[in-house]
Structure formats: structure tokens, C-alpha cells
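Dumped target24.tsv below, it's TSV, C-alpha atoms:
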```tsv
chain	number	residue	atom	x	y	z
X	901	SER	CA	4.71	0.58	25.05
X	902	LYS	CA	4.62	-2.36	22.68
X	903	GLY	CA	5.79	-0.60	19.55
X	904	PHE	CA	5.11	2.14	17.08
X	905	ILE	CA	3.56	2.78	13.69
X	906	LEU	CA	5.21	4.60	10.82
X	907	ASP	CA	2.79	6.04	8.25
X	908	GLY	CA	4.22	6.59	4.77
X	909	PHE	CA	7.80	5.86	5.82
X	910	PRO	CA	10.06	4.43	4.64
X	911	ARG	CA	9.14	5.42	1.11
X	912	THR	CA	12.37	4.42	-0.66
X	913	LEU	CA	14.65	1.39	-0.48
X	914	PRO	CA	17.61	3.36	0.96
X	915	GLN	CA	15.32	4.71	3.70
X	916	ALA	CA	14.13	1.16	4.51
X	917	GLU	CA	17.68	-0.16	4.71
X	918	LYS	CA	18.84	2.70	6.94
X	919	LEU	CA	15.76	2.36	9.15
X	920	ASP	CA	16.42	-1.36	9.62
X	921	ALA	CA	20.07	-0.70	10.46
X	922	MET	CA	19.14	2.01	12.97
X	923	LEU	CA	16.50	-0.20	14.62
X	924	LYS	CA	18.86	-3.18	14.76
X	925	LYS	CA	21.48	-1.05	16.49
X	926	ALA	CA	18.85	-0.10	19.09
X	927	GLY	CA	17.73	-3.72	19.52
X	928	HIS	CA	14.46	-3.33	17.61
X	929	LYS	CA	13.05	-4.42	14.27
X	930	ILE	CA	10.13	-3.94	11.93
X	931	ASP	CA	7.50	-6.56	12.75
X	932	ALA	CA	4.99	-5.88	9.97
X	933	VAL	CA	4.46	-3.76	6.88
X	934	LEU	CA	0.87	-3.04	5.89
X	935	ASP	CA	0.42	-2.55	2.16
X	936	PHE	CA	-2.92	-0.79	1.66
X	937	GLU	CA	-3.99	-1.65	-1.89
X	938	VAL	CA	-6.45	0.65	-3.65
X	939	PRO	CA	-6.76	0.82	-7.44
X	940	ASP	CA	-5.33	4.05	-8.84
X	941	GLU	CA	-8.66	4.83	-10.55
X	942	VAL	CA	-10.40	4.79	-7.17
X	943	LEU	CA	-7.79	7.13	-5.68
X	944	VAL	CA	-8.16	9.51	-8.62
X	945	ASP	CA	-11.93	9.50	-8.14
X	946	ARG	CA	-11.60	10.14	-4.40
X	947	VAL	CA	-9.21	13.04	-4.81
X	948	THR	CA	-10.72	14.75	-7.84
X	949	GLY	CA	-14.17	14.70	-6.22
X	950	ARG	CA	-12.94	16.41	-3.05
X	951	TRP	CA	-14.15	19.94	-2.28
X	952	ILE	CA	-13.35	21.99	0.82
X	953	HIS	CA	-14.67	25.03	2.63
X	954	PRO	CA	-11.46	27.05	3.09
X	955	ALA	CA	-12.47	28.95	6.24
X	956	SER	CA	-13.58	25.93	8.28
X	957	GLY	CA	-11.80	23.02	6.60
X	958	ARG	CA	-15.09	21.15	6.15
X	959	SER	CA	-14.77	18.69	3.31
X	960	TYR	CA	-17.23	17.33	0.81
X	961	HIS	CA	-17.10	14.86	-2.05
X	962	THR	CA	-19.14	15.05	-5.22
X	963	LYS	CA	-20.17	11.37	-4.94
X	964	ASN	CA	-19.63	10.27	-1.34
X	965	LYS	CA	-20.60	13.36	0.67
X	966	PRO	CA	-22.01	16.04	-1.63
X	967	PRO	CA	-23.00	19.44	-0.30
X	968	LYS	CA	-26.73	20.18	-0.21
X	969	VAL	CA	-26.19	22.84	-2.89
X	970	PRO	CA	-23.43	22.05	-5.42
X	971	GLY	CA	-20.36	24.22	-4.85
X	972	LYS	CA	-21.66	25.74	-1.58
X	973	ASP	CA	-20.84	25.02	2.07
X	974	ASP	CA	-23.82	23.49	3.90
X	975	ILE	CA	-23.47	25.78	6.91
X	976	THR	CA	-22.37	29.15	5.57
X	977	GLY	CA	-23.42	28.92	1.93
X	978	GLU	CA	-19.94	30.15	0.98
X	979	ALA	CA	-18.17	28.82	-2.09
X	980	LEU	CA	-16.28	25.56	-1.90
X	981	MET	CA	-12.92	25.10	-3.60
X	982	GLN	CA	-10.68	22.33	-4.83
X	983	ARG	CA	-6.98	22.29	-4.07
X	984	LYS	CA	-4.88	23.18	-7.09
X	985	ASP	CA	-3.18	19.77	-7.07
X	986	ASP	CA	-6.44	17.81	-6.70
X	987	ASN	CA	-6.66	17.06	-10.40
X	988	ALA	CA	-6.32	13.82	-12.33
X	989	ASP	CA	-3.10	14.68	-14.19
X	990	THR	CA	-1.22	15.77	-11.07
X	991	LEU	CA	-2.46	12.80	-9.06
X	992	LYS	CA	-1.60	10.27	-11.79
X	993	SER	CA	1.94	11.68	-11.91
X	994	ARG	CA	2.24	11.52	-8.11
X	995	LEU	CA	0.92	7.95	-8.07
X	996	ALA	CA	3.41	6.85	-10.73
X	997	ALA	CA	6.27	8.29	-8.65
X	998	PHE	CA	4.85	6.70	-5.49
X	999	HIS	CA	4.64	3.26	-7.10
X	1000	ALA	CA	8.14	3.52	-8.57
X	1001	GLN	CA	9.60	4.44	-5.18
X	1002	THR	CA	7.61	2.11	-2.95
X	1003	ALA	CA	7.56	-1.09	-5.04
X	1004	PRO	CA	11.19	-1.84	-4.08
X	1005	VAL	CA	10.35	-1.20	-0.40
X	1006	ILE	CA	7.43	-3.63	-0.52
X	1007	ASP	CA	9.66	-6.19	-2.28
X	1008	TYR	CA	12.42	-5.69	0.33
X	1009	TYR	CA	10.06	-6.35	3.24
X	1010	SER	CA	8.18	-9.11	1.35
X	1011	LYS	CA	11.43	-11.07	1.09
X	1012	GLN	CA	11.59	-10.84	4.89
X	1013	GLY	CA	8.01	-12.14	5.21
X	1014	LYS	CA	6.79	-8.93	6.80
X	1015	VAL	CA	4.25	-7.59	4.28
X	1016	ALA	CA	0.50	-7.93	4.78
X	1017	LYS	CA	-1.40	-6.88	1.68
X	1018	LEU	CA	-4.71	-5.29	2.63
X	1019	ASP	CA	-7.66	-4.64	0.34
X	1020	ALA	CA	-8.22	-1.02	1.33
X	1021	ASN	CA	-10.97	-0.55	-1.24
X	1022	LYS	CA	-13.44	-1.86	1.34
X	1023	SER	CA	-15.51	-0.35	4.14
X	1024	PHE	CA	-13.81	1.18	7.17
X	1025	GLY	CA	-14.82	-1.81	9.30
X	1026	ASP	CA	-13.46	-4.34	6.80
X	1027	VAL	CA	-10.14	-2.53	6.56
X	1028	ALA	CA	-9.93	-2.20	10.37
X	1029	SER	CA	-10.48	-5.97	10.68
X	1030	GLN	CA	-7.71	-6.64	8.14
X	1031	ILE	CA	-5.36	-4.35	10.08
X	1032	ALA	CA	-6.15	-6.07	13.38
X	1033	ALA	CA	-5.56	-9.49	11.85
X	1034	ALA	CA	-2.27	-8.38	10.28
X	1035	LEU	CA	-0.99	-6.95	13.54
X	1036	LYS	CA	-2.14	-9.80	15.77
X	1037	THR	CA	0.77	-11.50	17.47
X	1038	ASP	CA	1.14	-14.25	20.00
X	1039	LYS	CA	3.71	-12.28	22.00
```

Using the file provided, produce a representation of the structure as C-alpha cells.
Amino acid sequence: SKGFILDGFPRTLPQAEKLDAMLKKAGHKIDAVLDFEVPDEVLVDRVTGRWIHPASGRSYHTKNKPPKVPGKDDITGEALMQRKDDNADTLKSRLAAFHAQTAPVIDYYSKQGKVAKLDANKSFGDVASQIAAALKTDK
């Protein structure tokens, strides 16, 4: 194996420092940190437009993948629901906390030259290409 990927961790500066110390002790290190940048307004739109069919887990989105009949599952016709925390106020609060916690982590790894900022408000293919370029090594 050539490595591993951590998704959403470390989220705080103390976690990043402890992770680096643990990896160093084991003879490893963080090679790259991918910073997926998406405007908060876009994230709010994505989350608040999400609807799910509870029994199957099928998901819909009011703009990007609407059901054939608003509020109804395409297959069963049963009612769709939104998660209780999929609202703008809750998400804005969560995003503020996320930014406050992760900004020092990004700064910490930026000072080590390890951060690749990716424009994640693009198509899947564009983001995949950015990831591949950021992870490309000559090793």
C-alpha cells in the first residue's frame, strides 16, 4: 500500500499536531492536505434542498434531482422528508464552527507546504482532475 486518506480528520489543531507526532513516531508523515473549497451559500443550497425517502434512503434535491411529483418518492409515491437538521440556520451554525476549527489546521499544514486548495464548486470530473493533480507524486 502506498498510503491512506483521512476524510474530515484532523479537524482541530491539537488533533493535527498529535496526528503528526504519532505518524512521525511510526516513520510516516502527511504528504498532502486537500482543501475542498465550496462557498457556504452553495452548501446551504445543497443541504436545504435535500429530500429523502425514509424507507429506501433514496435522495432527491429540489433543484438538482427533483422527484417527478413534488414531495413524493418516484417509485412508491410515499412522502419524502427532510432531516430535522437540514435547515439553513442549523447549517450556518455548523459551518461557522467548522471554519473556526479547521482554519488553524489549514494554516498549520499550509506553513508546511502541504495544502492543495481545490475548487470543489465544479463538476465531478473537474474536481476529480484537481484531486489527481494534487496527489500526483514522482515517487

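Of the listed residues X:Arg983, X:Lys1036, X:Lys929, X:Arg911, the one whose atoms come nearest to Pro954 (chain X) is X:Arg983, with distances taken using only C-alpha atoms.
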
Q: Find the spatial neighbours of region 933-941 of chain X, counting only C-alpha atoms, within a cut-off of 6 Å - ignore same-chain residues fewer than 5 positions away - and output them as JSON, numbers by chain.
A: {"X": [1014, 1015, 1016, 1017, 1018, 1019, 1020, 1021]}

Writing out the chosen residues with C-alpha atoms as a short mmCIF file (atom, residue, chain, number, x, y, z; two decimals), in the frame of the given file:
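Final file, out-v2.cif:
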```cif
data_model
loop_
_atom_site.label_atom_id
_atom_site.label_comp_id
_atom_site.auth_asym_id
_atom_site.auth_seq_id
_atom_site.Cartn_x
_atom_site.Cartn_y
_atom_site.Cartn_z
CA LYS X 1014 6.79 -8.93 6.80
CA VAL X 1015 4.25 -7.59 4.28
CA ALA X 1016 0.50 -7.93 4.78
CA LYS X 1017 -1.40 -6.88 1.68
CA LEU X 1018 -4.71 -5.29 2.63
CA ASP X 1019 -7.66 -4.64 0.34
CA ALA X 1020 -8.22 -1.02 1.33
CA ASN X 1021 -10.97 -0.55 -1.24
#
```

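Here CA of Lys1011 (chain X) stands at a distance of 26.1 Å from CA of Arg994 (chain X).
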
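Straight-line separation from CA of Ser1010 (chain X) to CA of Lys925 (chain X): 21.7 Å.
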
Q | Long-range neighbours of Lys984 (chain X) as a PyMOL selection string, 12 Å cut-off, all atoms listed in the file, 3 positions minimum in chain | A | chain X and resi 947-948+950-952+981+987-991

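In this structure, CA of Val1005 (chain X) sits 8.7 Å away from CA of Pro914 (chain X).
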
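Shortest separation to Thr962 (chain X) among X:Ala996, X:Ala921, X:Ala916, X:Leu980 occurs at residue X:Leu980, atoms counted being all atoms listed in the file.
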
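Using all atoms listed in the file, the shortest contact distance between Pro910 (chain X) and any of X:Ala1034, X:Lys992, X:Asp945, X:Ile930 is found at X:Ile930.
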
Enclose all atoms of region 915-931 of chain X listed in the file in an axis-aligned box, grow every side by 8 Å, and hand back centre and edge lengths in Å to one decimal, as AutoDock Vina command-line options.
```
--center_x 14.5 --center_y -0.9 --center_z 11.6 --size_x 30.0 --size_y 27.3 --size_z 31.8
```

For region 973-984 of chain X, supply all heavy atoms and format the output as a PDB file, in the frame of the given file.
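What landed in out_27.pdb:
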```
ATOM      1  N   ASP X 973     -20.951  25.606   0.734  1.00  0.00           N
ATOM      2  CA  ASP X 973     -20.840  25.020   2.070  1.00  0.00           C
ATOM      3  C   ASP X 973     -22.228  24.871   2.675  1.00  0.00           C
ATOM      4  O   ASP X 973     -23.045  25.797   2.594  1.00  0.00           O
ATOM      5  CB  ASP X 973     -19.951  25.906   2.944  1.00  0.00           C
ATOM      6  CG  ASP X 973     -19.800  25.366   4.348  1.00  0.00           C
ATOM      7  OD1 ASP X 973     -19.341  24.221   4.490  1.00  0.00           O
ATOM      8  OD2 ASP X 973     -20.149  26.092   5.303  1.00  0.00           O
ATOM      9  N   ASP X 974     -22.506  23.739   3.308  1.00  0.00           N
ATOM     10  CA  ASP X 974     -23.820  23.490   3.900  1.00  0.00           C
ATOM     11  C   ASP X 974     -24.170  24.460   5.020  1.00  0.00           C
ATOM     12  O   ASP X 974     -25.339  24.761   5.227  1.00  0.00           O
ATOM     13  CB  ASP X 974     -23.891  22.058   4.460  1.00  0.00           C
ATOM     14  CG  ASP X 974     -23.963  20.990   3.388  1.00  0.00           C
ATOM     15  OD1 ASP X 974     -24.142  21.333   2.202  1.00  0.00           O
ATOM     16  OD2 ASP X 974     -23.839  19.794   3.748  1.00  0.00           O
ATOM     17  N   ILE X 975     -23.189  24.935   5.752  1.00  0.00           N
ATOM     18  CA  ILE X 975     -23.470  25.780   6.910  1.00  0.00           C
ATOM     19  C   ILE X 975     -23.483  27.260   6.561  1.00  0.00           C
ATOM     20  O   ILE X 975     -24.417  27.976   6.925  1.00  0.00           O
ATOM     21  CB  ILE X 975     -22.456  25.481   8.045  1.00  0.00           C
ATOM     22  CG1 ILE X 975     -22.672  24.031   8.504  1.00  0.00           C
ATOM     23  CG2 ILE X 975     -22.601  26.469   9.206  1.00  0.00           C
ATOM     24  CD1 ILE X 975     -21.680  23.514   9.488  1.00  0.00           C
ATOM     25  N   THR X 976     -22.474  27.715   5.844  1.00  0.00           N
ATOM     26  CA  THR X 976     -22.370  29.150   5.570  1.00  0.00           C
ATOM     27  C   THR X 976     -22.909  29.547   4.200  1.00  0.00           C
ATOM     28  O   THR X 976     -23.181  30.722   3.973  1.00  0.00           O
ATOM     29  CB  THR X 976     -20.902  29.613   5.636  1.00  0.00           C
ATOM     30  OG1 THR X 976     -20.177  28.978   4.562  1.00  0.00           O
ATOM     31  CG2 THR X 976     -20.274  29.268   6.977  1.00  0.00           C
ATOM     32  N   GLY X 977     -23.014  28.602   3.293  1.00  0.00           N
ATOM     33  CA  GLY X 977     -23.420  28.920   1.930  1.00  0.00           C
ATOM     34  C   GLY X 977     -22.291  29.511   1.098  1.00  0.00           C
ATOM     35  O   GLY X 977     -22.480  29.866  -0.064  1.00  0.00           O
ATOM     36  N   GLU X 978     -21.099  29.600   1.706  1.00  0.00           N
ATOM     37  CA  GLU X 978     -19.940  30.150   0.980  1.00  0.00           C
ATOM     38  C   GLU X 978     -19.437  29.137  -0.042  1.00  0.00           C
ATOM     39  O   GLU X 978     -19.693  27.938   0.062  1.00  0.00           O
ATOM     40  CB  GLU X 978     -18.826  30.510   1.975  1.00  0.00           C
ATOM     41  CG  GLU X 978     -19.220  31.622   2.920  1.00  0.00           C
ATOM     42  CD  GLU X 978     -18.225  31.824   4.058  1.00  0.00           C
ATOM     43  OE1 GLU X 978     -17.426  30.910   4.354  1.00  0.00           O
ATOM     44  OE2 GLU X 978     -18.259  32.902   4.656  1.00  0.00           O
ATOM     45  N   ALA X 979     -18.694  29.656  -1.003  1.00  0.00           N
ATOM     46  CA  ALA X 979     -18.170  28.820  -2.090  1.00  0.00           C
ATOM     47  C   ALA X 979     -17.174  27.786  -1.576  1.00  0.00           C
ATOM     48  O   ALA X 979     -16.362  28.076  -0.683  1.00  0.00           O
ATOM     49  CB  ALA X 979     -17.514  29.696  -3.146  1.00  0.00           C
ATOM     50  N   LEU X 980     -17.252  26.604  -2.163  1.00  0.00           N
ATOM     51  CA  LEU X 980     -16.280  25.560  -1.900  1.00  0.00           C
ATOM     52  C   LEU X 980     -15.181  25.654  -2.949  1.00  0.00           C
ATOM     53  O   LEU X 980     -15.377  26.233  -4.014  1.00  0.00           O
ATOM     54  CB  LEU X 980     -16.943  24.175  -1.978  1.00  0.00           C
ATOM     55  CG  LEU X 980     -18.079  23.931  -0.994  1.00  0.00           C
ATOM     56  CD1 LEU X 980     -18.724  22.566  -1.272  1.00  0.00           C
ATOM     57  CD2 LEU X 980     -17.597  24.008   0.443  1.00  0.00           C
ATOM     58  N   MET X 981     -14.032  25.071  -2.637  1.00  0.00           N
ATOM     59  CA  MET X 981     -12.920  25.100  -3.600  1.00  0.00           C
ATOM     60  C   MET X 981     -12.248  23.731  -3.637  1.00  0.00           C
ATOM     61  O   MET X 981     -12.389  22.924  -2.724  1.00  0.00           O
ATOM     62  CB  MET X 981     -11.904  26.175  -3.229  1.00  0.00           C
ATOM     63  CG  MET X 981     -11.212  25.944  -1.889  1.00  0.00           C
ATOM     64  SD  MET X 981      -9.725  26.913  -1.654  1.00  0.00           S
ATOM     65  CE  MET X 981      -8.561  25.999  -2.626  1.00  0.00           C
ATOM     66  N   GLN X 982     -11.526  23.512  -4.722  1.00  0.00           N
ATOM     67  CA  GLN X 982     -10.680  22.330  -4.830  1.00  0.00           C
ATOM     68  C   GLN X 982      -9.236  22.787  -4.738  1.00  0.00           C
ATOM     69  O   GLN X 982      -8.896  23.871  -5.225  1.00  0.00           O
ATOM     70  CB  GLN X 982     -10.896  21.617  -6.163  1.00  0.00           C
ATOM     71  CG  GLN X 982     -12.165  20.807  -6.198  1.00  0.00           C
ATOM     72  CD  GLN X 982     -12.239  19.941  -7.437  1.00  0.00           C
ATOM     73  OE1 GLN X 982     -12.247  20.444  -8.541  1.00  0.00           O
ATOM     74  NE2 GLN X 982     -12.291  18.633  -7.235  1.00  0.00           N
ATOM     75  N   ARG X 983      -8.397  21.973  -4.102  1.00  0.00           N
ATOM     76  CA  ARG X 983      -6.980  22.290  -4.070  1.00  0.00           C
ATOM     77  C   ARG X 983      -6.435  22.237  -5.487  1.00  0.00           C
ATOM     78  O   ARG X 983      -6.890  21.444  -6.314  1.00  0.00           O
ATOM     79  CB  ARG X 983      -6.225  21.278  -3.205  1.00  0.00           C
ATOM     80  CG  ARG X 983      -6.501  21.441  -1.747  1.00  0.00           C
ATOM     81  CD  ARG X 983      -5.764  20.457  -0.877  1.00  0.00           C
ATOM     82  NE  ARG X 983      -4.639  19.801  -1.533  1.00  0.00           N
ATOM     83  CZ  ARG X 983      -3.901  18.867  -0.969  1.00  0.00           C
ATOM     84  NH1 ARG X 983      -4.173  18.455   0.235  1.00  0.00           N
ATOM     85  NH2 ARG X 983      -2.898  18.317  -1.612  1.00  0.00           N
ATOM     86  N   LYS X 984      -5.456  23.085  -5.748  1.00  0.00           N
ATOM     87  CA  LYS X 984      -4.880  23.180  -7.090  1.00  0.00           C
ATOM     88  C   LYS X 984      -4.329  21.830  -7.579  1.00  0.00           C
ATOM     89  O   LYS X 984      -4.436  21.500  -8.757  1.00  0.00           O
ATOM     90  CB  LYS X 984      -3.780  24.246  -7.095  1.00  0.00           C
ATOM     91  CG  LYS X 984      -3.229  24.568  -8.456  1.00  0.00           C
ATOM     92  CD  LYS X 984      -2.330  25.790  -8.454  1.00  0.00           C
ATOM     93  CE  LYS X 984      -1.099  25.561  -7.613  1.00  0.00           C
ATOM     94  NZ  LYS X 984      -0.084  26.590  -7.766  1.00  0.00           N
TER      95      LYS X 984
END
```
